[in-house]
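Here the structure is laid out as structure tokens; the discussion comes afterwards.
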Protein chains: 2
Amino acid sequence: MSSSPDIEESLAFTPKFDAGGLITAVVTDAASGDLLMVAHMNAQALAKTIETGEAWYYSRSRKALWRKGETSGHVQRVIELRTDCDQDALWLKVEQAGPGACHTGRRSCFYRAVPLGQKGAARLEFREAGKTFDPDKVYK
Amino acid sequence: MSSSPDIEESLAFTPKFDAGGLITAVVTDAASGDLLMVAHMNAQALAKTIETGEAWYYSRSRKALWRKGETSGHVQRVIELRTDCDQDALWLKVEQAGPGACHTGRRSCFYRAVPLGQKGAARLEFREAGKTFDPDKVYK
């Protein structure tokens, strides 16, 4: 087990970005505790999140800084931001504005389960997969 | 906003591994809902997790398949496994055996908060940072 007390027990915030300059951000609903989404931040998105208290990410598909909710209005107010032992992941507890966090029109991005106990190719099963908004209307 | 209905609405499980062959796994406590850790899986770790219902990861530091709890006994029984819209992240709700998930001796890896509303270098603040076990005794 690797251990780096300098990073793990320190109060210096030294986020570890990957080779692409990104760090993983896990986003949960501050009220319900449910996992809403997993996104990525570059240094600029992280700085803006800390400064403004609103969630900013880096969109890998659009290769651009991304203020969550800039199009949909479904912004995220950050109630608490945490980092993990080796400072290569972030946890945002947020107050999610609007009906959902997922661009597919759902509250959470995690609306499918992988059944356990099988070998080989798995079939997913929907869980809480009802749409809470119409993405075609929200993202014009 | 990018959208791929083939992946997002499909019941075919087609996990998207990154260039290094890994996928991000977010691990929460099935009872409390708290975020315990963020880890990574390769295809083999994912297959073993699905097959056995116990959490297997890939240790990037040790470059090896890693059965969670193999040294400490702090194994994780997977209550539910989910994937997200674009199938590049996994969510494990687990029953955590023993006093904690973090190799630093804590229940969760996320025991430090980043204060919001500031510019420039941030100082972390401990949150629920008490050790629940002695890592020197558990990892010999």
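We label chains A, B, ... in the order they appear in the structure tokens, count residues from 1 in each chain, and number ligands from 1 in the order shown.
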
Could you list the residues in chain A lying within 8 Å of chain B, using only C-alpha atoms, and format the result as a PDB file with N, CA and C atoms, in the first residue's frame?
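Full text of out17.pdb as output:
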ATOM      1  N   MET A   1       0.852  -1.200   0.000  1.00  0.00           N
ATOM      2  CA  MET A   1       0.000   0.000   0.000  1.00  0.00           C
ATOM      3  C   MET A   1       0.887   1.249   0.000  1.00  0.00           C
ATOM      4  N   SER A   2       0.755   2.088  -1.004  1.00  0.00           N
ATOM      5  CA  SER A   2       1.565   3.307  -1.060  1.00  0.00           C
ATOM      6  C   SER A   2       1.012   4.329  -0.069  1.00  0.00           C
ATOM      7  N   SER A   3       1.900   5.123   0.480  1.00  0.00           N
ATOM      8  CA  SER A   3       1.491   6.096   1.481  1.00  0.00           C
ATOM      9  C   SER A   3       2.381   7.321   1.384  1.00  0.00           C
ATOM     10  N   GLU A   8      -1.219  13.195   2.362  1.00  0.00           N
ATOM     11  CA  GLU A   8      -2.404  12.657   3.012  1.00  0.00           C
ATOM     12  C   GLU A   8      -2.782  13.370   4.305  1.00  0.00           C
ATOM     13  N   SER A  10      -1.550  16.496   5.143  1.00  0.00           N
ATOM     14  CA  SER A  10      -1.266  17.924   5.025  1.00  0.00           C
ATOM     15  C   SER A  10      -2.540  18.747   4.885  1.00  0.00           C
ATOM     16  N   LEU A  11      -2.444  19.999   5.298  1.00  0.00           N
ATOM     17  CA  LEU A  11      -3.542  20.936   5.057  1.00  0.00           C
ATOM     18  C   LEU A  11      -3.251  21.829   3.857  1.00  0.00           C
ATOM     19  N   ALA A  12      -2.168  21.540   3.159  1.00  0.00           N
ATOM     20  CA  ALA A  12      -1.900  22.257   1.898  1.00  0.00           C
ATOM     21  C   ALA A  12      -2.709  21.582   0.798  1.00  0.00           C
ATOM     22  N   PHE A  13      -3.428  22.370   0.035  1.00  0.00           N
ATOM     23  CA  PHE A  13      -4.230  21.824  -1.054  1.00  0.00           C
ATOM     24  C   PHE A  13      -3.361  21.773  -2.305  1.00  0.00           C
ATOM     25  N   VAL A  26     -16.598  14.102  -8.228  1.00  0.00           N
ATOM     26  CA  VAL A  26     -17.785  13.319  -7.903  1.00  0.00           C
ATOM     27  C   VAL A  26     -18.812  14.285  -7.320  1.00  0.00           C
ATOM     28  N   GLY A  33     -28.051  13.056  -0.679  1.00  0.00           N
ATOM     29  CA  GLY A  33     -26.839  12.246  -0.660  1.00  0.00           C
ATOM     30  C   GLY A  33     -26.646  11.433  -1.927  1.00  0.00           C
ATOM     31  N   ASP A  34     -27.616  11.450  -2.841  1.00  0.00           N
ATOM     32  CA  ASP A  34     -27.514  10.631  -4.061  1.00  0.00           C
ATOM     33  C   ASP A  34     -26.401  11.113  -4.981  1.00  0.00           C
ATOM     34  N   MET A  37     -23.596  12.873 -10.644  1.00  0.00           N
ATOM     35  CA  MET A  37     -22.766  12.778 -11.845  1.00  0.00           C
ATOM     36  C   MET A  37     -21.297  12.669 -11.456  1.00  0.00           C
ATOM     37  N   VAL A  38     -20.497  12.269 -12.432  1.00  0.00           N
ATOM     38  CA  VAL A  38     -19.045  12.322 -12.320  1.00  0.00           C
ATOM     39  C   VAL A  38     -18.561  13.187 -13.476  1.00  0.00           C
ATOM     40  N   ALA A  47     -10.507  26.499  -9.893  1.00  0.00           N
ATOM     41  CA  ALA A  47     -10.334  27.838  -9.304  1.00  0.00           C
ATOM     42  C   ALA A  47     -11.648  28.611  -9.332  1.00  0.00           C
ATOM     43  N   THR A  49     -14.671  27.352  -9.414  1.00  0.00           N
ATOM     44  CA  THR A  49     -15.599  26.707  -8.478  1.00  0.00           C
ATOM     45  C   THR A  49     -15.327  27.185  -7.055  1.00  0.00           C
ATOM     46  N   ILE A  50     -14.066  27.202  -6.670  1.00  0.00           N
ATOM     47  CA  ILE A  50     -13.705  27.642  -5.314  1.00  0.00           C
ATOM     48  C   ILE A  50     -14.064  29.111  -5.110  1.00  0.00           C
ATOM     49  N   GLU A  51     -13.786  29.911  -6.117  1.00  0.00           N
ATOM     50  CA  GLU A  51     -13.990  31.358  -6.013  1.00  0.00           C
ATOM     51  C   GLU A  51     -15.479  31.724  -5.968  1.00  0.00           C
ATOM     52  N   THR A  52     -16.280  31.048  -6.815  1.00  0.00           N
ATOM     53  CA  THR A  52     -17.682  31.452  -6.966  1.00  0.00           C
ATOM     54  C   THR A  52     -18.646  30.613  -6.132  1.00  0.00           C
ATOM     55  N   GLY A  53     -18.235  29.408  -5.724  1.00  0.00           N
ATOM     56  CA  GLY A  53     -19.169  28.531  -5.020  1.00  0.00           C
ATOM     57  C   GLY A  53     -20.197  27.902  -5.946  1.00  0.00           C
ATOM     58  N   SER A  61     -15.705  16.418 -24.089  1.00  0.00           N
ATOM     59  CA  SER A  61     -16.229  16.275 -25.454  1.00  0.00           C
ATOM     60  C   SER A  61     -16.148  17.608 -26.207  1.00  0.00           C
ATOM     61  N   ARG A  62     -16.421  18.698 -25.502  1.00  0.00           N
ATOM     62  CA  ARG A  62     -16.385  20.003 -26.177  1.00  0.00           C
ATOM     63  C   ARG A  62     -15.033  20.697 -26.028  1.00  0.00           C
ATOM     64  N   GLU A  80     -20.420  21.983  -0.147  1.00  0.00           N
ATOM     65  CA  GLU A  80     -19.117  21.626   0.416  1.00  0.00           C
ATOM     66  C   GLU A  80     -18.268  20.975  -0.664  1.00  0.00           C
ATOM     67  N   LEU A  81     -16.976  21.290  -0.632  1.00  0.00           N
ATOM     68  CA  LEU A  81     -16.010  20.698  -1.563  1.00  0.00           C
ATOM     69  C   LEU A  81     -14.972  19.969  -0.722  1.00  0.00           C
ATOM     70  N   ARG A  82     -14.723  18.708  -1.079  1.00  0.00           N
ATOM     71  CA  ARG A  82     -13.702  17.934  -0.353  1.00  0.00           C
ATOM     72  C   ARG A  82     -12.710  17.319  -1.332  1.00  0.00           C
ATOM     73  N   THR A  83     -11.550  16.958  -0.811  1.00  0.00           N
ATOM     74  CA  THR A  83     -10.594  16.202  -1.608  1.00  0.00           C
ATOM     75  C   THR A  83     -10.250  14.918  -0.874  1.00  0.00           C
ATOM     76  N   ASP A  84      -9.662  13.976  -1.586  1.00  0.00           N
ATOM     77  CA  ASP A  84      -9.407  12.667  -0.965  1.00  0.00           C
ATOM     78  C   ASP A  84      -7.949  12.545  -0.510  1.00  0.00           C
ATOM     79  N   CYS A  85      -7.618  11.372   0.024  1.00  0.00           N
ATOM     80  CA  CYS A  85      -6.317  11.175   0.674  1.00  0.00           C
ATOM     81  C   CYS A  85      -5.146  11.580  -0.223  1.00  0.00           C
ATOM     82  N   ALA A  89      -8.832  13.359  -6.454  1.00  0.00           N
ATOM     83  CA  ALA A  89     -10.266  13.340  -6.721  1.00  0.00           C
ATOM     84  C   ALA A  89     -10.931  14.390  -5.839  1.00  0.00           C
ATOM     85  N   TRP A  91     -14.829  15.884  -4.278  1.00  0.00           N
ATOM     86  CA  TRP A  91     -16.230  15.563  -3.985  1.00  0.00           C
ATOM     87  C   TRP A  91     -16.977  16.865  -3.784  1.00  0.00           C
ATOM     88  N   CYS A 102     -28.510  15.431 -15.261  1.00  0.00           N
ATOM     89  CA  CYS A 102     -28.024  14.680 -16.426  1.00  0.00           C
ATOM     90  C   CYS A 102     -28.571  15.260 -17.726  1.00  0.00           C
ATOM     91  N   HIS A 103     -27.700  15.356 -18.734  1.00  0.00           N
ATOM     92  CA  HIS A 103     -28.111  15.943 -20.007  1.00  0.00           C
ATOM     93  C   HIS A 103     -29.090  15.057 -20.779  1.00  0.00           C
ATOM     94  N   THR A 104     -29.313  13.823 -20.291  1.00  0.00           N
ATOM     95  CA  THR A 104     -30.320  12.964 -20.930  1.00  0.00           C
ATOM     96  C   THR A 104     -31.729  13.286 -20.428  1.00  0.00           C
ATOM     97  N   CYS A 109     -27.114  10.904 -13.518  1.00  0.00           N
ATOM     98  CA  CYS A 109     -26.566  10.181 -14.681  1.00  0.00           C
ATOM     99  C   CYS A 109     -26.553   8.671 -14.463  1.00  0.00           C
ATOM    100  N   PHE A 110     -26.733   8.245 -13.222  1.00  0.00           N
ATOM    101  CA  PHE A 110     -26.568   6.814 -12.904  1.00  0.00           C
ATOM    102  C   PHE A 110     -27.930   6.118 -12.827  1.00  0.00           C
ATOM    103  N   TYR A 111     -28.579   5.962 -13.983  1.00  0.00           N
ATOM    104  CA  TYR A 111     -29.941   5.437 -14.048  1.00  0.00           C
ATOM    105  C   TYR A 111     -30.006   4.009 -14.564  1.00  0.00           C
ATOM    106  N   ARG A 112     -28.845   3.345 -14.640  1.00  0.00           N
ATOM    107  CA  ARG A 112     -28.834   1.947 -15.067  1.00  0.00           C
ATOM    108  C   ARG A 112     -27.937   1.116 -14.158  1.00  0.00           C
ATOM    109  N   ALA A 113     -28.437  -0.063 -13.803  1.00  0.00           N
ATOM    110  CA  ALA A 113     -27.685  -0.979 -12.943  1.00  0.00           C
ATOM    111  C   ALA A 113     -27.105  -2.117 -13.767  1.00  0.00           C
ATOM    112  N   VAL A 114     -25.949  -2.599 -13.316  1.00  0.00           N
ATOM    113  CA  VAL A 114     -25.306  -3.773 -13.899  1.00  0.00           C
ATOM    114  C   VAL A 114     -25.602  -4.946 -12.962  1.00  0.00           C
ATOM    115  N   PRO A 115     -26.397  -5.915 -13.405  1.00  0.00           N
ATOM    116  CA  PRO A 115     -26.709  -7.045 -12.518  1.00  0.00           C
ATOM    117  C   PRO A 115     -25.435  -7.798 -12.130  1.00  0.00           C
ATOM    118  N   LEU A 116     -25.401  -8.265 -10.897  1.00  0.00           N
ATOM    119  CA  LEU A 116     -24.228  -8.966 -10.383  1.00  0.00           C
ATOM    120  C   LEU A 116     -24.405 -10.477 -10.501  1.00  0.00           C
ATOM    121  N   GLY A 117     -23.301 -11.191 -10.356  1.00  0.00           N
ATOM    122  CA  GLY A 117     -23.371 -12.645 -10.288  1.00  0.00           C
ATOM    123  C   GLY A 117     -23.351 -13.344 -11.626  1.00  0.00           C
ATOM    124  N   GLN A 118     -22.981 -12.625 -12.675  1.00  0.00           N
ATOM    125  CA  GLN A 118     -22.936 -13.278 -13.983  1.00  0.00           C
ATOM    126  C   GLN A 118     -21.552 -13.174 -14.606  1.00  0.00           C
ATOM    127  N   LYS A 119     -21.294 -14.102 -15.533  1.00  0.00           N
ATOM    128  CA  LYS A 119     -20.054 -14.098 -16.301  1.00  0.00           C
ATOM    129  C   LYS A 119     -20.375 -13.604 -17.696  1.00  0.00           C
ATOM    130  N   GLY A 120     -19.418 -12.924 -18.303  1.00  0.00           N
ATOM    131  CA  GLY A 120     -19.614 -12.502 -19.694  1.00  0.00           C
ATOM    132  C   GLY A 120     -20.439 -11.241 -19.801  1.00  0.00           C
ATOM    133  N   ALA A 121     -20.944 -10.967 -20.991  1.00  0.00           N
ATOM    134  CA  ALA A 121     -21.632  -9.707 -21.296  1.00  0.00           C
ATOM    135  C   ALA A 121     -22.861  -9.520 -20.420  1.00  0.00           C
ATOM    136  N   ALA A 122     -22.959  -8.354 -19.822  1.00  0.00           N
ATOM    137  CA  ALA A 122     -24.078  -8.067 -18.930  1.00  0.00           C
ATOM    138  C   ALA A 122     -25.114  -7.201 -19.649  1.00  0.00           C
ATOM    139  N   ARG A 123     -26.388  -7.408 -19.297  1.00  0.00           N
ATOM    140  CA  ARG A 123     -27.462  -6.533 -19.753  1.00  0.00           C
ATOM    141  C   ARG A 123     -27.784  -5.582 -18.618  1.00  0.00           C
ATOM    142  N   LEU A 124     -27.892  -4.313 -18.932  1.00  0.00           N
ATOM    143  CA  LEU A 124     -28.215  -3.316 -17.923  1.00  0.00           C
ATOM    144  C   LEU A 124     -29.703  -3.363 -17.579  1.00  0.00           C
ATOM    145  N   GLU A 125     -30.033  -2.791 -16.423  1.00  0.00           N
ATOM    146  CA  GLU A 125     -31.434  -2.665 -16.013  1.00  0.00           C
ATOM    147  C   GLU A 125     -31.674  -1.218 -15.609  1.00  0.00           C
ATOM    148  N   PHE A 126     -32.763  -0.636 -16.087  1.00  0.00           N
ATOM    149  CA  PHE A 126     -33.058   0.754 -15.713  1.00  0.00           C
ATOM    150  C   PHE A 126     -33.407   0.845 -14.224  1.00  0.00           C
ATOM    151  N   TYR A 139     -31.997  21.957 -24.052  1.00  0.00           N
ATOM    152  CA  TYR A 139     -30.779  22.240 -24.822  1.00  0.00           C
ATOM    153  C   TYR A 139     -31.178  22.490 -26.267  1.00  0.00           C
TER     154      TYR A 139
END

Using DSSP secondary structure from the backbone, list all strand (DSSP E) positions within segment 94-130 of chain B, as a CSV table (one decimal) with N, CA and C atoms, in the first residue's frame.
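Listing of result.csv after writing:
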chain,number,residue,atom,x,y,z
B,94,VAL,N,-21.7,-0.1,-1.6
B,94,VAL,CA,-21.1,-1.3,-0.9
B,94,VAL,C,-21.5,-1.4,0.6
B,95,GLU,N,-21.3,-2.6,1.1
B,95,GLU,CA,-21.3,-2.8,2.5
B,95,GLU,C,-19.9,-3.0,2.9
B,96,GLN,N,-19.4,-2.0,3.6
B,96,GLN,CA,-17.9,-1.9,3.9
B,96,GLN,C,-17.7,-2.8,5.2
B,112,ARG,N,-11.0,15.8,4.1
B,112,ARG,CA,-10.6,17.2,4.1
B,112,ARG,C,-11.4,18.0,3.2
B,113,ALA,N,-11.8,19.2,3.7
B,113,ALA,CA,-12.6,20.1,2.9
B,113,ALA,C,-11.8,21.3,2.3
B,125,GLU,N,-9.3,21.9,5.4
B,125,GLU,CA,-9.8,21.8,6.8
B,125,GLU,C,-10.2,20.4,7.0
B,126,PHE,N,-9.8,19.8,8.1
B,126,PHE,CA,-10.2,18.4,8.4
B,126,PHE,C,-11.7,18.3,8.7

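For the residues B:Arg77, B:Phe133, B:Ser72, B:Asp29, ranking by smallest atom-to-atom distance to Pro99 of chain B using only C-alpha atoms places B:Phe133 first.
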
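Atom pair atom CA of Lys137 of chain A / atom CA of Gly73 of chain A has a distance of 12.1 Å (rounded to one decimal).
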
**Request:** Would you please give, as a ChimeraX atom specification, all residues of segment 49-88 of chain B that DSSP assigns to alpha helix (DSSP H) based on the backbone?
**Result:** /B:49-52

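Closest to Gly69 of chain B among B:Leu46, B:Lys93, B:Gly130, B:Gly98 is B:Gly98, based on only C-alpha atoms.
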
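In this model, the gap between atom CA of Leu22 of chain A and atom CA of Ala30 of chain B comes to 28.2 Å.
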